[in-house]
Structures are given as C-alpha cells and as structure tokens.
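Below is the file coords_6.cif, which contains mmCIF, C-alpha atoms and all ligand atoms.
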data_model
loop_
_atom_site.label_atom_id
_atom_site.label_comp_id
_atom_site.auth_asym_id
_atom_site.auth_seq_id
_atom_site.Cartn_x
_atom_site.Cartn_y
_atom_site.Cartn_z
CA MET W 294 9.30 -5.74 15.89
CA THR W 295 12.90 -4.63 16.01
CA SER W 296 14.92 -2.87 13.44
CA ALA W 297 18.51 -1.86 12.89
CA THR W 298 17.36 1.64 12.16
CA ILE W 299 15.39 2.07 15.38
CA ASP W 300 18.64 2.64 17.30
CA THR W 301 19.84 5.29 14.91
CA VAL W 302 16.60 7.23 14.87
CA THR W 303 16.39 8.53 18.41
CA THR W 304 13.50 10.62 19.57
CA ASN W 305 15.64 13.72 19.99
CA THR W 306 16.50 13.77 16.31
CA LEU W 307 12.86 13.58 15.26
CA GLN W 308 11.35 16.69 13.78
CA PRO W 309 7.82 17.17 15.09
CA GLU W 310 5.13 17.40 12.45
CA ILE W 311 3.15 20.63 12.59
CA VAL W 312 -0.56 20.34 11.90
CA THR W 313 -2.80 23.34 12.57
CA GLN W 314 -5.80 22.45 10.35
CA ALA W 315 -6.40 18.73 10.50
CA ARG W 316 -8.40 16.91 7.87
CA ALA W 317 -11.75 15.44 8.84
CA VAL W 318 -13.10 12.05 7.80
CA GLU W 319 -15.17 12.24 4.63
CA GLN W 320 -16.34 8.65 4.53
CA LEU W 321 -15.81 5.29 6.23
CA VAL W 322 -15.47 2.30 3.91
CA LEU W 323 -15.88 -1.34 4.89
CA GLY W 324 -13.86 -3.67 2.71
CA GLN W 325 -15.48 -6.29 0.49
CA ALA W 326 -14.70 -9.97 0.95
CA THR W 327 -13.45 -11.48 -2.30
CA SER W 328 -10.94 -13.93 -3.64
CA ASP W 329 -8.19 -13.57 -6.20
CA GLY W 330 -5.37 -15.60 -7.69
CA ASP W 331 -5.89 -19.30 -7.02
CA GLY W 332 -8.63 -18.91 -4.40
CA VAL W 333 -6.83 -16.58 -2.00
CA LYS W 334 -9.37 -15.01 0.35
CA LEU W 335 -8.92 -11.32 0.91
CA THR W 336 -10.69 -8.09 1.73
CA ARG W 337 -10.70 -5.47 -1.01
CA VAL W 338 -10.60 -2.19 0.88
CA LEU W 339 -9.95 0.21 -1.98
CA THR W 340 -12.22 -0.92 -4.81
CA GLN W 341 -12.43 0.18 -8.42
CA GLY W 342 -15.21 2.68 -7.67
CA LEU W 343 -12.82 4.69 -5.47
CA GLN W 344 -9.95 4.96 -7.97
CA TYR W 345 -10.65 8.55 -8.98
CA ARG W 346 -11.38 9.61 -5.41
CA LEU W 347 -8.14 8.11 -4.12
CA ASP W 348 -6.00 8.79 -7.21
CA PRO W 349 -3.06 7.81 -7.52
CA TYR W 350 -4.06 4.62 -5.65
CA LEU W 351 -5.93 1.94 -7.56
CA MET W 352 -6.45 -0.85 -5.07
CA LEU W 353 -5.79 -1.93 -1.49
CA ASP W 354 -6.26 -5.55 -0.50
CA ALA W 355 -5.92 -6.80 3.07
CA PHE W 356 -5.34 -10.46 3.78
CA GLY W 357 -5.14 -12.13 7.16
CA THR W 358 -5.90 -15.70 8.06
CA ASP W 359 -4.67 -18.67 10.08
CA ASP W 360 -6.30 -21.13 7.69
CA PRO W 361 -3.92 -22.34 4.95
CA GLN W 362 -6.91 -23.13 2.72
CA ASP W 363 -7.43 -19.38 2.46
CA TYR W 364 -3.97 -18.68 1.01
CA ILE W 365 -2.24 -21.88 -0.10
CA GLY W 366 -3.08 -21.46 -3.81
CA GLY W 367 -1.29 -18.13 -3.95
CA PHE W 368 -1.14 -16.10 -7.14
CA PRO W 369 0.22 -18.23 -10.01
CA ASP W 370 1.68 -16.59 -13.14
CA HIS W 371 -0.24 -13.46 -14.12
CA PRO W 372 0.61 -10.23 -15.98
CA HIS W 373 0.61 -6.57 -14.98
CA ARG W 374 1.08 -3.37 -16.95
CA GLY W 375 0.87 0.33 -16.20
CA PHE W 376 1.29 0.70 -12.43
CA GLU W 377 3.21 -0.40 -9.32
CA THR W 378 2.35 -3.06 -6.75
CA ILE W 379 3.47 -2.66 -3.16
CA THR W 380 3.12 -5.75 -1.01
CA TYR W 381 3.62 -5.44 2.75
CA MET W 382 3.83 -8.73 4.61
CA LEU W 383 3.12 -8.47 8.34
CA THR W 384 3.34 -12.20 8.95
CA GLY W 385 4.11 -15.01 6.57
CA ARG W 386 6.36 -15.90 3.68
CA MET W 387 5.66 -15.45 -0.01
CA ARG W 388 8.04 -16.19 -2.88
CA HIS W 389 8.06 -14.03 -5.96
CA HIS W 390 9.24 -15.01 -9.45
CA ASP W 391 8.95 -12.87 -12.53
CA SER W 392 9.54 -12.97 -16.25
CA ALA W 393 12.56 -10.68 -15.93
CA GLY W 394 14.28 -13.45 -13.96
CA ASN W 395 13.87 -11.81 -10.60
CA GLU W 396 13.16 -13.89 -7.53
CA GLY W 397 12.65 -12.85 -3.95
CA LEU W 398 11.25 -13.95 -0.63
CA LEU W 399 8.86 -11.57 1.04
CA GLN W 400 8.56 -12.23 4.75
CA ASN W 401 7.62 -10.91 8.18
CA GLY W 402 7.60 -7.13 8.12
CA GLY W 403 9.11 -6.83 4.64
CA VAL W 404 7.91 -4.99 1.55
CA GLN W 405 8.14 -5.77 -2.13
CA TRP W 406 7.89 -2.75 -4.38
CA MET W 407 7.35 -3.73 -8.00
CA THR W 408 7.05 -1.43 -10.97
CA ALA W 409 5.18 -3.35 -13.64
CA GLY W 410 5.77 -0.59 -16.19
CA ARG W 411 5.36 -1.89 -19.73
CA GLY W 412 4.85 -5.39 -18.47
CA VAL W 413 5.76 -8.24 -16.23
CA ILE W 414 4.45 -11.75 -15.69
CA HIS W 415 4.95 -12.96 -12.17
CA SER W 416 3.84 -15.37 -9.51
CA GLU W 417 3.38 -14.77 -5.81
CA LEU W 418 3.25 -18.08 -3.97
CA PRO W 419 3.15 -18.82 -0.23
CA GLU W 420 6.22 -20.53 1.12
CA GLN W 421 4.46 -21.99 4.11
CA GLU W 422 1.89 -24.72 4.49
CA ASP W 423 0.47 -23.67 7.81
CA GLY W 424 0.43 -20.76 10.21
CA ARG W 425 -0.69 -17.21 9.83
CA MET W 426 -0.40 -15.08 6.71
CA GLU W 427 -1.26 -11.42 7.02
CA GLY W 428 -0.48 -8.33 4.98
CA PHE W 429 -1.53 -5.88 2.31
CA GLN W 430 -1.18 -5.25 -1.38
CA LEU W 431 -1.47 -1.68 -2.60
CA TRP W 432 -1.57 -0.62 -6.27
CA LEU W 433 -0.05 2.74 -7.11
CA ASN W 434 -0.73 4.19 -10.54
CA LEU W 435 1.98 5.41 -12.92
CA SER W 436 1.57 8.61 -14.90
CA ALA W 437 0.87 8.33 -18.63
CA LYS W 438 4.50 9.14 -19.40
CA ASP W 439 5.76 6.37 -17.09
CA LYS W 440 3.32 3.54 -17.85
CA MET W 441 5.63 1.92 -20.39
CA ILE W 442 8.91 2.21 -18.46
CA ALA W 443 11.01 -0.90 -17.91
CA PRO W 444 9.80 -3.20 -15.15
CA TRP W 445 11.68 -2.98 -11.87
CA TYR W 446 11.39 -4.33 -8.39
CA LYS W 447 12.93 -4.15 -4.97
CA ASP W 448 12.64 -6.43 -1.97
CA ILE W 449 12.89 -4.42 1.22
CA GLN W 450 13.60 -6.56 4.25
CA SER W 451 11.97 -5.59 7.53
CA ASP W 452 15.19 -4.25 9.07
CA SER W 453 15.64 -1.89 6.13
CA ILE W 454 12.40 -0.07 6.84
CA PRO W 455 13.15 3.05 8.91
CA GLN W 456 11.26 2.98 12.19
CA PHE W 457 10.94 5.32 15.15
CA THR W 458 8.83 5.90 18.24
CA THR W 459 7.52 9.33 19.12
CA PRO W 460 7.36 10.65 22.71
CA ASP W 461 3.56 10.40 22.29
CA GLY W 462 3.58 6.62 22.02
CA ALA W 463 3.41 6.13 18.27
CA THR W 464 5.78 3.66 16.63
CA VAL W 465 6.07 4.46 12.96
CA ARG W 466 7.43 2.35 10.12
CA VAL W 467 8.17 4.60 7.14
CA ILE W 468 7.69 2.49 4.01
CA ALA W 469 7.56 5.44 1.60
CA GLY W 470 7.77 9.21 1.84
CA ALA W 471 8.88 10.80 5.10
CA SER W 472 7.57 11.36 8.62
CA HIS W 473 9.07 13.40 11.48
CA GLY W 474 12.13 14.06 9.34
CA VAL W 475 12.74 10.35 8.77
CA LYS W 476 12.93 9.31 5.13
CA GLY W 477 11.21 6.08 4.20
CA ALA W 478 12.54 3.03 2.41
CA MET W 479 11.17 4.29 -0.91
CA GLN W 480 10.85 7.71 -2.50
CA ARG W 481 8.93 8.38 -5.66
CA ASP W 482 8.47 11.62 -7.55
CA VAL W 483 5.27 12.53 -9.43
CA THR W 484 2.86 10.72 -7.05
CA GLU W 485 5.05 11.34 -3.95
CA PRO W 486 3.61 8.36 -2.07
CA LEU W 487 3.45 8.44 1.72
CA TYR W 488 3.02 4.98 3.23
CA LEU W 489 3.23 4.63 7.01
CA ASP W 490 2.48 1.66 9.25
CA LEU W 491 1.48 3.03 12.65
CA HIS W 492 1.47 1.14 15.94
CA LEU W 493 -0.19 3.29 18.59
CA GLU W 494 -0.40 2.80 22.33
CA ASP W 495 -3.74 3.44 24.01
CA GLY W 496 -4.28 7.21 23.92
CA ALA W 497 -1.31 7.89 21.66
CA VAL W 498 -1.63 10.86 19.34
CA PHE W 499 0.06 10.96 15.95
CA LEU W 500 0.39 14.00 13.71
CA GLN W 501 1.36 13.94 10.06
CA ALA W 502 1.66 17.00 7.90
CA MET W 503 0.61 16.60 4.28
CA ALA W 504 -0.12 18.88 1.36
CA ALA W 505 -3.77 19.77 0.87
CA SER W 506 -3.50 18.57 -2.73
CA MET W 507 -2.86 14.97 -1.69
CA ASN W 508 -5.50 12.29 -1.54
CA ALA W 509 -5.21 10.38 1.73
CA PHE W 510 -6.74 7.51 3.64
CA VAL W 511 -6.26 5.51 6.81
CA TYR W 512 -6.91 1.78 7.15
CA VAL W 513 -7.30 0.54 10.73
CA TYR W 514 -6.32 -3.12 11.04
CA ARG W 515 -6.19 -3.37 14.85
CA GLY W 516 -8.10 -1.46 17.50
CA GLU W 517 -9.78 1.86 16.82
CA LEU W 518 -8.64 5.35 15.90
CA GLN W 519 -10.24 8.70 16.48
CA ILE W 520 -9.92 11.24 13.67
CA GLY W 521 -11.55 14.49 14.70
CA GLU W 522 -15.15 13.70 15.62
CA LYS W 523 -15.12 10.33 13.96
CA ALA W 524 -14.21 6.95 15.46
CA VAL W 525 -12.67 4.62 12.88
CA PRO W 526 -13.15 1.00 13.93
CA GLN W 527 -11.06 -1.98 12.94
CA GLN W 528 -11.24 -3.06 9.28
CA ARG W 529 -12.51 0.32 8.14
CA MET W 530 -10.85 2.71 5.76
CA ALA W 531 -11.33 6.38 6.52
CA ILE W 532 -11.11 8.59 3.45
CA LEU W 533 -9.71 11.94 4.59
CA ARG W 534 -11.43 15.02 3.29
CA ASN W 535 -9.54 17.31 0.90
CA GLU W 536 -9.84 20.87 2.13
CA ALA W 537 -7.87 23.73 0.67
CA HIS W 538 -6.77 25.00 4.08
CA SER W 539 -5.84 21.65 5.64
CA ASP W 540 -2.21 20.89 6.40
CA GLY W 541 -2.28 17.35 7.77
CA VAL W 542 -4.00 14.75 9.88
CA ILE W 543 -4.19 14.02 13.62
CA LEU W 544 -4.92 10.49 14.78
CA ARG W 545 -5.67 9.38 18.35
CA ALA W 546 -5.77 5.76 19.47
CA ASN W 547 -8.87 4.55 21.32
CA GLY W 548 -6.99 1.58 22.80
CA PRO W 549 -3.89 -0.09 21.35
CA SER W 550 -4.21 0.23 17.59
CA ARG W 551 -2.47 -0.36 14.28
CA ALA W 552 -3.20 1.37 11.02
CA LEU W 553 -1.85 2.27 7.61
CA LEU W 554 -1.72 5.94 6.66
CA ILE W 555 -1.40 6.35 2.89
CA ALA W 556 -1.34 9.52 0.79
CA GLY W 557 -0.20 10.68 -2.63
CA GLN W 558 -0.45 13.37 -5.27
CA PRO W 559 -3.25 12.66 -7.74
CA LEU W 560 -2.33 12.15 -11.39
CA LYS W 561 -5.67 13.53 -12.66
CA GLU W 562 -5.55 11.33 -15.75
CA THR W 563 -8.11 8.96 -17.22
CA ILE W 564 -8.00 5.53 -15.57
CA VAL W 565 -8.96 2.49 -17.63
CA GLN W 566 -8.57 -0.83 -15.85
CA TYR W 567 -9.03 -4.27 -17.30
CA GLY W 568 -8.02 -6.78 -14.62
CA PRO W 569 -4.24 -6.58 -14.19
CA PHE W 570 -3.77 -3.80 -16.77
CA VAL W 571 -4.31 -0.14 -15.87
CA MET W 572 -3.85 2.33 -18.72
CA ASN W 573 -5.22 5.69 -19.90
CA SER W 574 -7.41 4.53 -22.78
CA GLN W 575 -9.34 1.55 -24.10
CA ALA W 576 -6.93 1.37 -27.07
CA GLU W 577 -3.99 0.96 -24.67
CA ILE W 578 -5.88 -1.83 -22.89
CA PHE W 579 -6.42 -3.68 -26.20
CA GLN W 580 -2.72 -3.22 -26.91
CA ALA W 581 -1.84 -4.70 -23.50
CA ILE W 582 -4.09 -7.72 -24.11
CA ASN W 583 -2.63 -8.22 -27.59
CA ASP W 584 0.93 -7.88 -26.30
CA PHE W 585 0.18 -10.38 -23.53
CA ARG W 586 -1.31 -12.89 -26.01
CA ALA W 587 1.66 -12.40 -28.34
CA GLY W 588 4.06 -13.14 -25.49
CA LYS W 589 5.44 -9.61 -25.60
CA LEU W 590 4.67 -8.71 -22.02
CA ALA W 591 7.41 -10.88 -20.65
CA ALA W 592 10.10 -9.40 -22.88
FE FE X 1 0.60 -9.65 -9.10
#
How does the structure come out when it is put into structure tokens?
Amino acid sequence: MTSATIDTVTTNTLQPEIVTQARAVEQLVLGQATSDGDGVKLTRVLTQGLQYRLDPYLMLDAFGTDDPQDYIGGFPDHPHRGFETITYMLTGRMRHHDSAGNEGLLQNGGVQWMTAGRGVIHSELPEQEDGRMEGFQLWLNLSAKDKMIAPWYKDIQSDSIPQFTTPDGATVRVIAGASHGVKGAMQRDVTEPLYLDLHLEDGAVFLQAMAASMNAFVYVYRGELQIGEKAVPQQRMAILRNEAHSDGVILRANGPSRALLIAGQPLKETIVQYGPFVMNSQAEIFQAINDFRAGKLAA
C-alpha cells in the first residue's frame, strides 16, 4: 500500500499521542453472518442492539470473500435517510450510482463517504466478476438537526488518504479525524468521527488519545491485538470501556495484525431505525416511508 502522502508525512513531524490512562475492553463481540442487498454475504459486526452503546455509530458490516457468488448481486437501487454511510474498500471494485446523478468507482484502498441526509436512492454494484472483494461499511448517525440536510457524497481515492508509519511499527491510514497530528481525509463536527485503519508489525504498540466522552471500538480483521489484559482475536470487535478518567487507548500487536479503530461523540438522541431509514421518532419513519413511496426521496 503506497500513498502520495506517505512521503510528506515523515516520522519526525509526527506528534506522539499521550495516553496515561488507557481504556480497558468492556466486551468482545463476534459478528453475525448475514446477507443484504441482492444476496451479498457479509458479517454484521455492529448490530442494532449496540446502537445506543456505540452511539453515534449504527452499523458496521465486514465483507471479504474470493467467491463471486457471495458478492456478484451487489446492492441494487435502495433508499437511505437520516445518516451517513462510509464504505472502505480494501480490495475490489464497486460502482456507485445515485438519484442525485452522482456516479463513482470505489476501489482498492478507497473510501466513499455518503451523507444520505433527507434522502437518496442509490445502487452499489461490483465491477468485477471474479477475484477478491473485501471491505467495510460503517453507518454514522446524523444529529436531529442534520437528518434532513441535502444529500452529499465524496469518493476518496486511496492515495488521498493520509498515511504514516510510527517508529513503533504501526502504519496508520487516517480516514477521519486525526492521529499523531495528521489530519484525516474527512473531518466532521458534532460526532467528531475518528476512523483509523491500522497495520501493525508483530509487537508494534499504537497509542491514540481520545476524549473520555467518546464511544470507541476496535475491529480486528487480521491477526490479534492485545488491549490491556485482553487479547482481541481476528474477527472480533472490542468495545472500549468509557471511564471518566481515561484519555485514550493502547494497542499491542500479538503478531502482524490489522484493525479498525473507530470512535465518535455520542448524539444521545432517540434512535428509530426501519431498514435503511434512521430517524428520531416513529412519525419520522412513517414520513420517510411515505416520501419514498411518493417518489420524494430521490428529489
Ligand atoms: Fe446503501
């Protein structure tokens, strides 16, 4: 994985993260095998039952397969309202079309950040008939005041994602937020999302400061991490405990490992989800369904 930005972010310009009271692991979660769209097989890591615990995040799906039958159907036209979808493609190619006339190709190492806002109808279809497809889709909630904003999206190619390697053997891709003084590809106020993809050498240690008020989790997709006393094996999500005195997290790699570290400020609002609509009340959900049926979501 190379990047134009890796040359400009040298280790001597990095600002070390200071963590004196690291968060412990509260709970390990094993994802649930499911399928979505037109028969796409995936693992739902962050499920609906964890939405309040991991507020402002609503969902995390992991997909990874060499079998085209598991992904070829893709996600034909479907609506969204009330939140943002962040798709991170490690390997593979997916084409995106939406009702606002946007089109983009998401591929190896790239991210698509889409704000559904008041509504979008889109499709996400593989642009490959064989080979590996692997990546993640994360749903980030919008605050009540932002749920009906205009839809928006951005394709972020792999070489536009800031990346650096620490002296401790951690290579970090900063998708959102900031780490070691390096600003990520996306910044958002209100929820202040932090989204890091970490590639750790065996024994590497990675520190990340974060406010105690944030909800945070780590998803290990290769190898194994050690967080405090707890080993976090592959395909497990570790929910990090919220403690008033904590100021960050310290991760250590038990062998070569890769993981997502995700955190954000909770919205502390009522969450009502009906499939692809996430609003604050049942009445707003009925409105979304009615608007969709009336063809008003694609306006
Ligand atoms: Fe979608």
Exercise. Using all atoms listed in the file, which residues sit within 12 Å of W:Ile543 once same-chain residues fewer than 4 positions away are excluded, as a PyMOL selection string?
Worked result: chain W and resi 310-318+463+497-503+511+518-523+533+539+554
Seminar exercise, completed: Atom pair atom CA of W:Ala393 + atom CA of W:Gly412, distance 9.7 Å
Write out as a Markdown table a residue-level contact list of chain W versus ligand FE 1 (chain X) with cut-off 8 Å: for each qualifying residue the closest pair of atoms and the distance in Å to one decimal, counting only C-alpha atoms and all ligand atoms, rows sorted by chain and residue number upward.
| residue | atom | partner | partner_atom | distance |
| --- | --- | --- | --- | --- |
| W:Phe368 | CA | X:FE1 | FE | 7.0 |
| W:His371 | CA | X:FE1 | FE | 6.4 |
| W:Pro372 | CA | X:FE1 | FE | 6.9 |
| W:His373 | CA | X:FE1 | FE | 6.6 |
| W:Thr378 | CA | X:FE1 | FE | 7.2 |
| W:Ile414 | CA | X:FE1 | FE | 7.9 |
| W:His415 | CA | X:FE1 | FE | 6.3 |
| W:Ser416 | CA | X:FE1 | FE | 6.6 |
| W:Glu417 | CA | X:FE1 | FE | 6.7 |
| W:Pro569 | CA | X:FE1 | FE | 7.7 |
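Across the structure, atom CA of W:Asp461 and atom CA of W:Val322 are spaced 27.7 Å apart.
Proximity of W:Asn434, W:Asn547, W:Thr358, W:Thr384 to W:Thr336, computed with all atoms listed in the file, is greatest for W:Thr358.
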Problem set entry | Computed interatomic separation between atom CA of W:Gly568 and atom CA of W:Ala478 (Å) | 28.4 Å
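Nearest to W:Asp348 of all the residues W:Arg586, W:Ser550, W:Glu562, W:Ala576 is W:Glu562, based on all atoms listed in the file.
Each of W:Leu353, W:Ile442, W:Gly470, W:Val338 was compared to W:Leu321 using all atoms listed in the file, and W:Val338 turns out to be the nearest.
Excluding W:Glu377 and any residue on its chain fewer than 5 positions from it, the residues at most 8 Å away by only C-alpha atoms are W:Trp406, W:Met407, W:Thr408, W:Ala409, W:Gly410, W:Trp432, W:Leu433, W:Asn434, W:Leu435.
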Exercise. Do you know which residues lie at most 10 Å from (2.4, -10.0, 4.0), with coordinates as in the file and only C-alpha atoms counted, and could you write them as a VMD selection string?
Worked result: chain W and resid 355 to 357 380 to 387 399 to 405 419 425 to 430
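Minimum atom-to-atom distances from W:Val571, W:Leu339, W:Val413, W:Arg481 to W:Gly588 were compared using all atoms listed in the file, and the lowest value belongs to W:Val413.
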Problem set entry | Residue nearest W:Ala326 among W:Gln528, W:Asp391, W:Lys438, W:Asn535 (counting only C-alpha atoms) | W:Gln528
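For the residues W:Pro309, W:Pro559, W:Pro549, W:Gly516, ranking by smallest atom-to-atom distance to W:Pro460 using only C-alpha atoms places W:Pro309 first.
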Mind listing whatever residues come within 12 Å of the point (0.2, 9.4, -17.6)? Use all atoms listed in the file, file coordinates, and give them as a PDB file with C-alpha atoms, in the coordinates of the input.
ATOM      1  CA  PRO W 349      -3.060   7.810  -7.520  1.00  0.00           C
ATOM      2  CA  GLY W 375       0.870   0.330 -16.200  1.00  0.00           C
ATOM      3  CA  PHE W 376       1.290   0.700 -12.430  1.00  0.00           C
ATOM      4  CA  GLY W 410       5.770  -0.590 -16.190  1.00  0.00           C
ATOM      5  CA  ASN W 434      -0.730   4.190 -10.540  1.00  0.00           C
ATOM      6  CA  LEU W 435       1.980   5.410 -12.920  1.00  0.00           C
ATOM      7  CA  SER W 436       1.570   8.610 -14.900  1.00  0.00           C
ATOM      8  CA  ALA W 437       0.870   8.330 -18.630  1.00  0.00           C
ATOM      9  CA  LYS W 438       4.500   9.140 -19.400  1.00  0.00           C
ATOM     10  CA  ASP W 439       5.760   6.370 -17.090  1.00  0.00           C
ATOM     11  CA  LYS W 440       3.320   3.540 -17.850  1.00  0.00           C
ATOM     12  CA  MET W 441       5.630   1.920 -20.390  1.00  0.00           C
ATOM     13  CA  ILE W 442       8.910   2.210 -18.460  1.00  0.00           C
ATOM     14  CA  VAL W 483       5.270  12.530  -9.430  1.00  0.00           C
ATOM     15  CA  THR W 484       2.860  10.720  -7.050  1.00  0.00           C
ATOM     16  CA  PRO W 559      -3.250  12.660  -7.740  1.00  0.00           C
ATOM     17  CA  LEU W 560      -2.330  12.150 -11.390  1.00  0.00           C
ATOM     18  CA  LYS W 561      -5.670  13.530 -12.660  1.00  0.00           C
ATOM     19  CA  GLU W 562      -5.550  11.330 -15.750  1.00  0.00           C
ATOM     20  CA  THR W 563      -8.110   8.960 -17.220  1.00  0.00           C
ATOM     21  CA  ILE W 564      -8.000   5.530 -15.570  1.00  0.00           C
ATOM     22  CA  VAL W 565      -8.960   2.490 -17.630  1.00  0.00           C
ATOM     23  CA  VAL W 571      -4.310  -0.140 -15.870  1.00  0.00           C
ATOM     24  CA  MET W 572      -3.850   2.330 -18.720  1.00  0.00           C
ATOM     25  CA  ASN W 573      -5.220   5.690 -19.900  1.00  0.00           C
ATOM     26  CA  SER W 574      -7.410   4.530 -22.780  1.00  0.00           C
ATOM     27  CA  GLU W 577      -3.990   0.960 -24.670  1.00  0.00           C
TER      28      GLU W 577
END
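For W:Ala556, the residues within 7 Å (counting only C-alpha atoms, excluding itself and residues fewer than 4 positions away along the chain) are Pro486, Leu487, Tyr488, Met507, Asn508, Ala509 and Phe510 of chain W.
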Take stretch 431-447 of chain W, model N, CA and C atoms, and hand the result over as a PDB file, keeping the file's coordinate frame.
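Output (out37.pdb):
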ATOM      1  N   LEU W 431      -1.025  -2.996  -2.167  1.00  0.00           N
ATOM      2  CA  LEU W 431      -1.470  -1.680  -2.600  1.00  0.00           C
ATOM      3  C   LEU W 431      -1.051  -1.489  -4.049  1.00  0.00           C
ATOM      4  N   TRP W 432      -1.921  -0.941  -4.875  1.00  0.00           N
ATOM      5  CA  TRP W 432      -1.570  -0.620  -6.270  1.00  0.00           C
ATOM      6  C   TRP W 432      -1.482   0.894  -6.391  1.00  0.00           C
ATOM      7  N   LEU W 433      -0.330   1.320  -6.914  1.00  0.00           N
ATOM      8  CA  LEU W 433      -0.050   2.740  -7.110  1.00  0.00           C
ATOM      9  C   LEU W 433       0.064   3.007  -8.609  1.00  0.00           C
ATOM     10  N   ASN W 434      -0.720   3.944  -9.101  1.00  0.00           N
ATOM     11  CA  ASN W 434      -0.730   4.190 -10.540  1.00  0.00           C
ATOM     12  C   ASN W 434       0.567   4.865 -10.999  1.00  0.00           C
ATOM     13  N   LEU W 435       0.886   4.681 -12.262  1.00  0.00           N
ATOM     14  CA  LEU W 435       1.980   5.410 -12.920  1.00  0.00           C
ATOM     15  C   LEU W 435       1.367   6.450 -13.837  1.00  0.00           C
ATOM     16  N   SER W 436       2.058   7.572 -13.993  1.00  0.00           N
ATOM     17  CA  SER W 436       1.570   8.610 -14.900  1.00  0.00           C
ATOM     18  C   SER W 436       1.664   8.116 -16.339  1.00  0.00           C
ATOM     19  N   ALA W 437       0.902   8.736 -17.215  1.00  0.00           N
ATOM     20  CA  ALA W 437       0.870   8.330 -18.630  1.00  0.00           C
ATOM     21  C   ALA W 437       2.286   8.217 -19.198  1.00  0.00           C
ATOM     22  N   LYS W 438       3.145   9.147 -18.816  1.00  0.00           N
ATOM     23  CA  LYS W 438       4.500   9.140 -19.400  1.00  0.00           C
ATOM     24  C   LYS W 438       5.359   8.004 -18.851  1.00  0.00           C
ATOM     25  N   ASP W 439       4.949   7.424 -17.715  1.00  0.00           N
ATOM     26  CA  ASP W 439       5.760   6.370 -17.090  1.00  0.00           C
ATOM     27  C   ASP W 439       5.171   4.965 -17.239  1.00  0.00           C
ATOM     28  N   LYS W 440       3.985   4.849 -17.836  1.00  0.00           N
ATOM     29  CA  LYS W 440       3.320   3.540 -17.850  1.00  0.00           C
ATOM     30  C   LYS W 440       4.115   2.474 -18.599  1.00  0.00           C
ATOM     31  N   MET W 441       4.914   2.897 -19.578  1.00  0.00           N
ATOM     32  CA  MET W 441       5.630   1.920 -20.390  1.00  0.00           C
ATOM     33  C   MET W 441       7.131   1.873 -20.060  1.00  0.00           C
ATOM     34  N   ILE W 442       7.496   2.312 -18.860  1.00  0.00           N
ATOM     35  CA  ILE W 442       8.910   2.210 -18.460  1.00  0.00           C
ATOM     36  C   ILE W 442       9.268   0.739 -18.217  1.00  0.00           C
ATOM     37  N   ALA W 443      10.548   0.476 -18.129  1.00  0.00           N
ATOM     38  CA  ALA W 443      11.010  -0.900 -17.910  1.00  0.00           C
ATOM     39  C   ALA W 443      10.553  -1.386 -16.540  1.00  0.00           C
ATOM     40  N   PRO W 444      10.175  -2.663 -16.460  1.00  0.00           N
ATOM     41  CA  PRO W 444       9.800  -3.200 -15.150  1.00  0.00           C
ATOM     42  C   PRO W 444      10.981  -3.207 -14.181  1.00  0.00           C
ATOM     43  N   TRP W 445      10.656  -3.124 -12.902  1.00  0.00           N
ATOM     44  CA  TRP W 445      11.680  -2.980 -11.870  1.00  0.00           C
ATOM     45  C   TRP W 445      11.095  -3.513 -10.572  1.00  0.00           C
ATOM     46  N   TYR W 446      11.943  -4.014  -9.705  1.00  0.00           N
ATOM     47  CA  TYR W 446      11.390  -4.330  -8.390  1.00  0.00           C
ATOM     48  C   TYR W 446      12.459  -4.309  -7.328  1.00  0.00           C
ATOM     49  N   LYS W 447      12.012  -4.180  -6.104  1.00  0.00           N
ATOM     50  CA  LYS W 447      12.930  -4.150  -4.970  1.00  0.00           C
ATOM     51  C   LYS W 447      12.301  -4.882  -3.796  1.00  0.00           C
TER      52      LYS W 447
END
